[in-house]
Each structure stands twice: as C-alpha cells, then as structure tokens.
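Dropping input.txt in here (compact mmCIF, C-alpha atoms):
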```
# COMPACT_ATOMS: atom_id res chain seq x y z
CA PRO M 6 0.00 0.00 0.00
CA LEU M 7 1.06 3.58 -0.63
CA ASN M 8 1.18 4.38 3.09
CA SER M 9 4.45 2.47 3.66
CA LEU M 10 6.73 3.26 0.74
CA THR M 11 10.30 4.54 0.90
CA ARG M 12 12.34 6.12 -1.86
CA VAL M 13 16.00 5.09 -1.62
CA GLU M 14 18.83 6.94 -3.35
CA GLN M 15 22.03 4.96 -2.94
CA THR M 16 25.63 5.31 -4.01
CA GLN M 17 28.16 2.60 -3.31
CA LEU M 18 31.76 1.84 -4.10
CA TRP M 19 33.42 -1.47 -3.28
CA TYR M 20 36.62 -3.45 -3.61
CA ASP M 21 36.37 -7.25 -3.58
CA HIS M 22 39.45 -9.48 -3.34
CA GLU M 23 39.53 -13.29 -3.46
CA TRP M 24 42.64 -14.53 -1.65
CA PHE M 25 42.12 -18.08 -2.85
CA GLN M 26 39.18 -20.05 -4.24
CA GLY M 27 36.26 -19.69 -1.84
CA PHE M 28 37.81 -17.12 0.54
CA SER M 29 37.27 -13.42 -0.11
CA ASN M 30 37.09 -10.02 1.56
CA LYS M 31 35.01 -7.07 0.45
CA VAL M 32 35.19 -3.43 1.55
CA THR M 33 32.20 -1.26 0.63
CA PHE M 34 31.34 2.40 1.10
CA VAL M 35 27.59 3.09 1.00
CA ASN M 36 25.73 6.38 1.17
CA ARG M 37 21.92 6.23 1.33
CA LYS M 38 19.12 8.77 1.44
CA LEU M 39 15.74 7.40 2.52
CA SER M 40 12.64 9.53 1.90
CA PRO M 41 9.01 8.62 2.73
CA VAL M 42 6.53 8.80 -0.15
CA GLY M 43 2.82 8.25 -0.72
CA GLY M 44 1.61 10.07 2.40
CA PHE M 45 4.07 8.17 4.61
CA SER M 46 6.19 10.21 7.07
CA TYR M 47 9.07 9.78 9.53
CA ASP M 48 7.44 11.08 12.71
CA TYR M 49 9.13 11.65 16.07
CA LEU M 50 8.35 13.33 19.39
CA GLN M 51 10.08 16.57 20.29
CA GLU M 52 11.22 17.35 23.84
CA ASN M 53 8.02 19.34 24.49
CA GLY M 54 5.91 16.32 23.50
CA ASP M 55 4.77 17.67 20.12
CA SER M 56 5.19 15.49 17.07
CA ALA M 57 7.28 16.48 14.06
CA ALA M 58 8.49 14.78 10.89
CA ARG M 59 11.93 14.28 9.39
CA PRO M 60 12.00 14.94 5.63
CA PHE M 61 14.60 12.20 5.05
CA ILE M 62 17.23 9.97 6.65
CA ARG M 63 20.78 9.91 5.34
CA THR M 64 23.51 7.52 6.36
CA SER M 65 27.07 6.77 5.29
CA GLU M 66 28.59 3.38 6.07
CA ILE M 67 31.82 1.47 5.61
CA ARG M 68 31.26 -2.29 5.43
CA PHE M 69 33.83 -5.07 5.86
CA SER M 70 32.76 -8.57 4.74
CA THR M 71 34.52 -11.92 4.95
CA ARG M 72 33.15 -14.93 3.05
CA PHE M 73 34.47 -18.48 3.23
CA ALA M 74 33.10 -21.27 1.01
CA PHE M 75 35.68 -24.05 0.76
CA ASP M 76 35.93 -25.72 -2.65
CA GLU M 77 33.13 -23.60 -4.11
CA LYS M 78 32.63 -23.87 -7.87
CA TYR M 79 31.69 -20.93 -10.13
CA ILE M 80 30.57 -20.01 -13.60
CA ASN M 81 32.33 -16.76 -14.52
CA GLY M 82 31.07 -14.05 -16.87
CA ASP M 83 32.76 -10.82 -17.92
CA PHE M 84 31.59 -8.95 -14.80
CA THR M 85 29.51 -11.51 -12.91
CA ARG M 86 29.99 -14.82 -11.14
CA THR M 87 27.36 -17.49 -10.45
CA SER M 88 28.01 -19.95 -7.64
CA LEU M 89 27.42 -23.65 -8.24
CA GLY M 90 27.72 -24.28 -4.51
CA THR M 91 29.93 -26.47 -2.37
CA LYS M 92 29.43 -29.52 -0.19
CA TYR M 93 30.88 -27.59 2.76
CA PRO M 94 29.25 -24.86 4.91
CA ILE M 95 29.34 -21.29 3.58
CA LEU M 96 30.22 -18.69 6.22
CA GLN M 97 29.91 -14.91 5.96
CA LEU M 98 30.67 -12.24 8.54
CA THR M 99 29.93 -8.53 7.95
CA TYR M 100 30.88 -5.57 10.13
CA ILE M 101 29.28 -2.18 9.41
CA LYS M 102 30.42 1.16 10.85
CA SER M 103 28.42 4.29 10.20
CA LEU M 104 30.29 7.49 9.34
CA LYS M 105 28.44 10.30 11.03
CA GLN M 106 28.76 13.69 9.30
CA ILE M 107 30.57 12.06 6.35
CA TYR M 108 28.52 12.95 3.25
CA GLU M 109 25.78 14.16 5.62
CA GLY M 110 25.56 10.91 7.61
CA GLN M 111 23.18 11.48 10.54
CA TYR M 112 23.74 8.49 12.83
CA ASP M 113 26.56 6.79 14.70
CA TYR M 114 26.27 3.01 15.09
CA HIS M 115 27.95 -0.36 14.62
CA LYS M 116 26.36 -3.48 13.14
CA VAL M 117 27.52 -7.10 12.92
CA VAL M 118 25.81 -9.82 10.85
CA PHE M 119 26.79 -13.50 10.75
CA ASN M 120 25.38 -15.96 8.22
CA LEU M 121 25.87 -19.72 7.76
CA ASN M 122 24.43 -21.83 4.92
CA ASP M 123 24.80 -25.57 4.52
CA ARG M 124 23.25 -28.67 2.98
CA ILE M 125 22.87 -32.04 4.70
CA ARG M 126 22.33 -35.05 2.46
CA PHE M 127 20.54 -38.15 3.76
CA GLY M 128 21.06 -40.34 0.71
CA GLN M 129 18.71 -41.08 -2.18
CA LEU M 130 16.01 -42.41 0.14
CA LEU M 131 15.43 -39.40 2.44
CA GLY M 132 16.59 -36.47 0.27
CA TYR M 133 18.48 -33.45 1.60
CA THR M 134 18.06 -30.45 3.88
CA ASP M 135 19.22 -26.90 3.20
CA PHE M 136 19.42 -24.61 6.21
CA THR M 137 20.44 -21.04 7.00
CA ILE M 138 21.40 -19.58 10.37
CA GLU M 139 21.73 -15.80 10.65
CA GLY M 140 22.16 -13.36 13.50
CA GLY M 141 22.74 -9.63 13.73
CA LYS M 142 23.04 -6.83 16.25
CA ILE M 143 23.22 -3.04 16.12
CA TRP M 144 25.04 -0.95 18.74
CA GLY M 145 24.05 2.71 18.88
CA ASN M 146 20.90 4.73 18.24
CA VAL M 147 19.11 4.09 14.94
CA PRO M 148 15.56 4.79 13.66
CA TYR M 149 13.50 1.88 12.39
CA PRO M 150 14.33 2.41 8.67
CA LEU M 151 17.96 1.58 9.52
CA MET M 152 17.10 -1.48 11.61
CA GLU M 153 16.65 -4.96 10.18
CA LEU M 154 13.26 -4.71 8.47
CA HIS M 155 12.48 -8.39 8.03
CA GLY M 156 11.34 -9.24 4.54
CA GLY M 157 7.68 -10.10 4.08
CA ASN M 158 5.69 -11.22 1.06
CA GLN M 159 2.11 -10.16 0.36
CA THR M 160 2.02 -11.52 -3.20
CA TYR M 161 1.08 -15.00 -4.44
CA ILE M 162 4.59 -15.56 -5.80
CA TYR M 163 6.89 -17.77 -3.73
CA ASP M 164 9.89 -15.83 -2.41
CA TYR M 165 12.76 -18.00 -1.18
CA MET M 166 14.45 -15.08 0.63
CA SER M 167 11.39 -13.79 2.53
CA TYR M 168 8.91 -14.82 5.20
CA ASN M 169 6.06 -15.70 2.89
CA MET M 170 3.26 -15.19 5.44
CA MET M 171 4.68 -11.97 6.89
CA ASN M 172 3.35 -8.58 5.77
CA TYR M 173 5.58 -5.85 4.43
CA TYR M 174 6.79 -3.44 7.14
CA GLU M 175 5.47 -5.74 9.88
CA PHE M 176 8.54 -6.48 12.04
CA ALA M 177 11.78 -4.63 12.79
CA SER M 178 14.72 -5.56 15.04
CA ASP M 179 17.97 -4.03 16.22
CA GLN M 180 19.14 -7.50 17.26
CA TYR M 181 17.86 -10.75 15.81
CA ALA M 182 18.53 -14.43 15.13
CA SER M 183 16.85 -16.65 12.57
CA PHE M 184 16.84 -20.27 11.44
CA TRP M 185 15.51 -21.41 8.05
CA MET M 186 15.13 -25.08 7.06
CA PHE M 187 14.15 -26.49 3.64
CA HIS M 188 13.85 -30.27 3.33
CA HIS M 189 13.54 -31.83 -0.12
CA PHE M 190 12.21 -35.40 0.03
CA GLU M 191 13.15 -36.06 -3.61
CA GLY M 192 10.02 -38.14 -4.26
CA LEU M 193 10.12 -40.24 -1.08
CA PHE M 194 6.32 -40.46 -0.96
CA PHE M 195 5.19 -39.66 -4.51
CA ASN M 196 7.47 -42.30 -6.03
CA LYS M 197 5.35 -44.96 -4.31
CA ILE M 198 2.25 -43.83 -6.25
CA PRO M 199 2.44 -45.01 -9.90
CA LEU M 200 0.85 -41.97 -11.56
CA LEU M 201 2.73 -39.42 -9.45
CA LYS M 202 5.96 -41.33 -9.97
CA ARG M 203 5.64 -40.77 -13.71
CA LEU M 204 5.09 -37.05 -13.16
CA LYS M 205 8.34 -36.90 -11.11
CA TRP M 206 6.88 -34.45 -8.61
CA ARG M 207 8.90 -33.93 -5.44
CA GLU M 208 7.81 -33.09 -1.91
CA VAL M 209 9.31 -30.18 0.02
CA VAL M 210 8.68 -28.77 3.50
CA THR M 211 10.03 -25.61 5.11
CA TYR M 212 10.27 -24.07 8.56
CA LYS M 213 11.33 -20.53 9.43
CA VAL M 214 11.69 -19.00 12.89
CA LEU M 215 12.78 -15.47 13.77
CA PHE M 216 13.77 -14.05 17.16
CA GLY M 217 14.27 -10.31 17.58
CA SER M 218 13.95 -7.28 19.80
CA VAL M 219 14.17 -3.48 19.77
CA THR M 220 15.58 -1.41 22.63
CA ASP M 221 13.35 1.26 24.18
CA ARG M 222 15.89 3.89 23.19
CA ASN M 223 15.67 2.99 19.49
CA LYS M 224 11.87 2.89 19.61
CA LYS M 225 11.97 6.60 20.45
CA GLU M 226 14.20 7.64 17.55
CA LEU M 227 11.17 7.59 15.25
CA LEU M 228 7.60 6.63 16.04
CA PHE M 229 6.79 3.17 14.72
CA PRO M 230 3.98 3.10 12.12
CA THR M 231 0.88 1.30 13.35
CA SER M 232 1.68 -1.67 11.09
CA LEU M 233 5.25 -2.11 12.42
CA HIS M 234 6.04 -4.20 15.51
CA SER M 235 8.95 -5.66 17.43
CA LEU M 236 9.47 -9.31 18.37
CA ASN M 237 10.23 -8.75 22.06
CA THR M 238 7.94 -11.49 23.38
CA VAL M 239 7.29 -14.36 20.94
CA PRO M 240 9.33 -15.44 17.89
CA TYR M 241 7.75 -15.33 14.45
CA GLN M 242 7.26 -18.80 12.94
CA GLU M 243 5.89 -20.21 9.70
CA VAL M 244 5.85 -23.64 8.04
CA SER M 245 4.96 -24.89 4.59
CA ALA M 246 4.42 -28.06 2.60
CA GLY M 247 4.73 -28.03 -1.15
CA ILE M 248 5.37 -29.75 -4.44
CA GLU M 249 8.34 -28.92 -6.66
CA ASN M 250 9.49 -30.08 -10.09
CA ILE M 251 5.99 -29.54 -11.56
CA PHE M 252 6.56 -29.65 -15.35
CA ARG M 253 10.25 -29.42 -14.38
CA PHE M 254 10.10 -25.71 -13.59
CA PHE M 255 7.32 -24.88 -11.09
CA ARG M 256 6.54 -25.31 -7.42
CA VAL M 257 3.44 -24.69 -5.28
CA ASP M 258 3.52 -24.34 -1.48
CA ALA M 259 0.86 -24.13 1.21
CA PHE M 260 1.98 -21.90 4.10
CA TRP M 261 0.81 -21.68 7.71
CA ARG M 262 1.71 -18.80 10.00
CA LEU M 263 2.13 -20.18 13.54
CA THR M 264 2.49 -16.97 15.61
CA TYR M 265 1.10 -13.40 15.55
CA LYS M 266 -1.94 -14.77 13.73
CA ASP M 267 -4.14 -11.96 15.04
CA GLN M 268 -2.20 -9.43 12.92
CA VAL M 269 -3.25 -10.93 9.55
CA LYS M 270 -6.56 -11.72 7.90
CA SER M 271 -5.67 -15.40 7.50
CA PRO M 272 -2.72 -17.46 8.81
CA PHE M 273 -2.93 -19.71 5.71
CA GLY M 274 -1.76 -18.93 2.18
CA ILE M 275 -0.73 -20.43 -1.14
CA ARG M 276 2.41 -19.37 -3.02
CA ALA M 277 3.58 -20.52 -6.45
CA GLY M 278 6.86 -19.91 -8.18
CA PHE M 279 9.35 -20.77 -10.90
CA GLN M 280 12.24 -22.96 -9.86
CA MET M 281 14.96 -24.69 -11.83
CA ALA M 282 16.68 -27.51 -9.92
CA PHE M 283 19.28 -30.01 -11.11
```
The structure in this file should be written as structure tokens.
Amino acid sequence: PLNSLTRVEQTQLWYDHEWFQGFSNKVTFVNRKLSPVGGFSYDYLQENGDSAARPFIRTSEIRFSTRFAFDEKYINGDFTRTSLGTKYPILQLTYIKSLKQIYEGQYDYHKVVFNLNDRIRFGQLLGYTDFTIEGGKIWGNVPYPLMELHGGNQTYIYDYMSYNMMNYYEFASDQYASFWMFHHFEGLFFNKIPLLKRLKWREVVTYKVLFGSVTDRNKKELLFPTSLHSLNTVPYQEVSAGIENIFRFFRVDAFWRLTYKDQVKSPFGIRAGFQMAF
C-alpha cells in the first residue's frame, strides 16, 4: 500500500578481493538517502511532547565482509559470477560502521551480521536439507528504517528469501537471530504412487523461525507506524508443505503462519513460483 513506501537513493563503491578459491574479503562504502513517499512520514516526538516529521534519513557506512566457502565452484562471466555451490558450509561475517557527518551521515552506530548456509544429504532415500542460520546486532541509536526490516511477502509468488506469510513493514529488530530449514524429500512419498511417480513431482517442507527485539531507546528515535512491531515477546514462525518439479520448472507451497496470527486476515496462504533444480 502507498502508506508504507520509501524512496532510496544509494551510491556505493566497493573493492572485492579473493585470496584463494572460496575465501574473499570485500570493503564497501555506502551512502543512502531514505525519503518517505505516498503520504508516509518519519514522525518523532520533540522534547516538548509535540510530534514532528523528518523529511529524510541519510547515512554513510563502511562495510567489511569476509566470506568463506571451501571448494566452491563458479561459472564466470565478464563482470559476474554465479556460484554452483559447495558440499561444505558457507560462512559470511559482515561488520558495518556508520560514518556520522561524512557525506551528511546522521547516525553513529555499529552493526555485525553472521550468516551460515549448509546442505545435509541423507542419501537417495530421504533427500536433503538446506538450512540457514543468521544473527545480527546493532550498537548505537538508529531509527526503524535503519534497523533490520524483516522481509515479508504479500504476493502470491513464492519468495525464497522472505517470510512468505509476513506482511511488508510488519517487524523490525535491532538484534535478531533466525533459522531457516528447507527439506527436499526427492520423491520419497510420490514415487510410491504409480501416476505421481511418472510425473516426477517432489515433496518439500520448510520451517522458518525469527527471534528479535528493539531497545526502548531505538523505539523513540522515530515513532513506529501502526503496522510495524517488534518481536520482544514471541518469535515469528511459519511452516509450509509443497510440491516442486511440476513440469520441471514450477513449485506450489501451502503456508501456515504459527504466531502473531491476530495481525493478519488469515494465517494460511498459497504461493507458487518458478524454480529450476538439477
């Protein structure tokens, strides 16, 4: 909806160096200007208790990232690289330092994000599990647009990188931890049914859980919109069961939202998407 849109103007410059195959460091400078649009506004309370609005938020950051993916294989283009994955865990650690008053940066904070991805194979009978563990924390005062605004999905298109039953602009955190699990049965059940075996459909289930919180000090930097909440009490959770490899390229999932069900019209939804798997 037009009451929760943000215009982002961003400039970034980075240097990426791979020391050896699978191990790299990246240094990035980012300057962003965030402006509310569509009747949205960045409201805050002044010392006298009256409300006012900031016309925009500007931040400058220097980011240091380390990525380790042992024995990772790639397909290289002229300016791009596509990962073919590795049988070992992929680790990434990012440290972010804001640069207050550099190119009009308004805030002073530190942020650390750790991410781990891996795949566990159970043989041809039971399939395999992909999982992601991620955690992050911000030190310093930041308004909610600079927090971790957890990605929602209010479309009918399956989004691998989002919480598919979470609304846009629903949850924010200045420290968080998440666990995502995707298990692919590789036809464990459908292969026992003659007709479905010929179709080569495959079963898949997912589970996502998110823990997070926001400090009272950061809640006062800007007033939260009525649609935005913190996760200080109960973690957000959702599960799904689906079918992939439909006509080789499609998947359909049924999702159930397990917590904060009172904040949505229905805790159940269907998502469909395009997926190419080998």
Measuring atom to atom with all atoms listed in the file, identify which of M:Glu77, M:Asp113, M:Asp258, M:Glu226 is nearest to Ala246 in chain M.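 For Ala246 in chain M, the nearest of the candidates is M:Asp258.
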From the options M:Ile251, M:Leu98, M:Leu233, M:Val239, which residue's atoms come nearest to Lys205 in chain M, counting only C-alpha atoms?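 Smallest distance to Lys205 in chain M is found for M:Ile251.
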So how many Å separate CA of Arg203 in chain M and CA of Gln280 in chain M, to one decimal?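 Atom-to-atom, CA of Arg203 in chain M to CA of Gln280 in chain M, that is 19.4 Å.
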Measure the distance from CA of Phe252 in chain M to CA of Arg207 in chain M in Å and round it to one decimal. 11.0 Å
Between CA of Asn122 in chain M and CA of Ile95 in chain M, what distance in Å does the model show, to one decimal?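 Between CA of Asn122 in chain M and CA of Ile95 in chain M the gap works out to 5.1 Å.
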Identify, on the basis of all atoms listed in the file, every residue whose closest approach to Pro41 in chain M does not exceed 8 Å; exclude the query and any residue fewer than 6 positions from it along the same chain; express the result as a PyMOL selection string. chain M and resi 9-12+47+60-61
Take the selection from the previous step and output its residues with C-alpha atoms, as a PDB file, in the coordinates of the input.
```
ATOM      1  CA  SER M   9       4.450   2.470   3.660  1.00  0.00           C
ATOM      2  CA  LEU M  10       6.730   3.260   0.740  1.00  0.00           C
ATOM      3  CA  THR M  11      10.300   4.540   0.900  1.00  0.00           C
ATOM      4  CA  ARG M  12      12.340   6.120  -1.860  1.00  0.00           C
ATOM      5  CA  TYR M  47       9.070   9.780   9.530  1.00  0.00           C
ATOM      6  CA  PRO M  60      12.000  14.940   5.630  1.00  0.00           C
ATOM      7  CA  PHE M  61      14.600  12.200   5.050  1.00  0.00           C
TER       8      PHE M  61
END
```
Taking only C-alpha atoms into account, name the residue in M:Phe273, M:Val13, M:Gln242, M:Leu154 that is nearest to Val42 in chain M.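 Nearest to Val42 in chain M: M:Val13.
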Test item: axis-aligned box, all listed atoms of range 113-131 of chain M, 3 Å on each side, centre and edges in Å rounded to one decimal, as AutoDock Vina command-line options:
```
--center_x 21.7 --center_y -17.8 --center_z 6.5 --size_x 18.5 --size_y 55.2 --size_z 23.3
```
Would you pick out the contacts of Trp19 in chain M at 12 Å or less, using all atoms listed in the file, so that residues sharing its chain but fewer than 6 positions from it are not included, and give the list as number ranges by chain? M: 30-36, 66-70
Nearest to Ile248 in chain M by atom-to-atom distance, counting all atoms listed in the file, from M:Ile101, M:Leu204, M:Leu39, M:Leu18: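 Residue with the minimum atom-to-atom distance to Ile248 in chain M: M:Leu204.
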Can you tell me which residues surround range 168-181 of chain M at a distance of at most 9 Å, considering all atoms listed in the file, apart from same-chain residues fewer than 5 positions away, and format the answer as an MDAnalysis selection string? chainID M and resid 9 116 139:144 147 149:163 213 215:220 223 230 232:237 241:243 260:262 269 272:274 276
Tell me which of M:Tyr114, M:Phe28, M:Tyr165, M:Phe184 sits closest to Lys78 in chain M, counting all atoms listed in the file. M:Phe28
Can you list, as a PDB file with C-alpha atoms, keeping the file's coordinate frame, every protein, DNA or RNA residue that comes within 6 Å of Asn250 in chain M when you count all atoms listed in the file, leaving out same-chain residues fewer than 4 positions away?
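Ended up saving to selection_19.pdb:
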```
ATOM      1  CA  TRP M 206       6.880 -34.450  -8.610  1.00  0.00           C
ATOM      2  CA  PHE M 254      10.100 -25.710 -13.590  1.00  0.00           C
ATOM      3  CA  PHE M 255       7.320 -24.880 -11.090  1.00  0.00           C
TER       4      PHE M 255
END
```
Using all atoms listed in the file, the shortest atom-to-atom distance to Ser167 in chain M among M:Pro240, M:His188, M:Phe279, M:Val214 belongs to M:Val214
Which residues come within 10 Å of Arg124 in chain M, counting all atoms listed in the file, excluding same-chain residues fewer than 6 positions away, as a list in words?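 The filter keeps Gly90, Thr91, Lys92, Tyr93, Pro94, Ile95, Tyr133, Thr134, Asp135, Phe136, Thr137, Met186, Phe187 and His188 of chain M.
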Counting all atoms listed in the file, find residues at most 10 Å from (38.1, -11.2, -2.2) (file frame) and give them as JSON, numbers by chain. {"M": [20, 21, 22, 23, 24, 25, 26, 27, 28, 29, 30, 31, 32, 70, 71, 72, 73]}
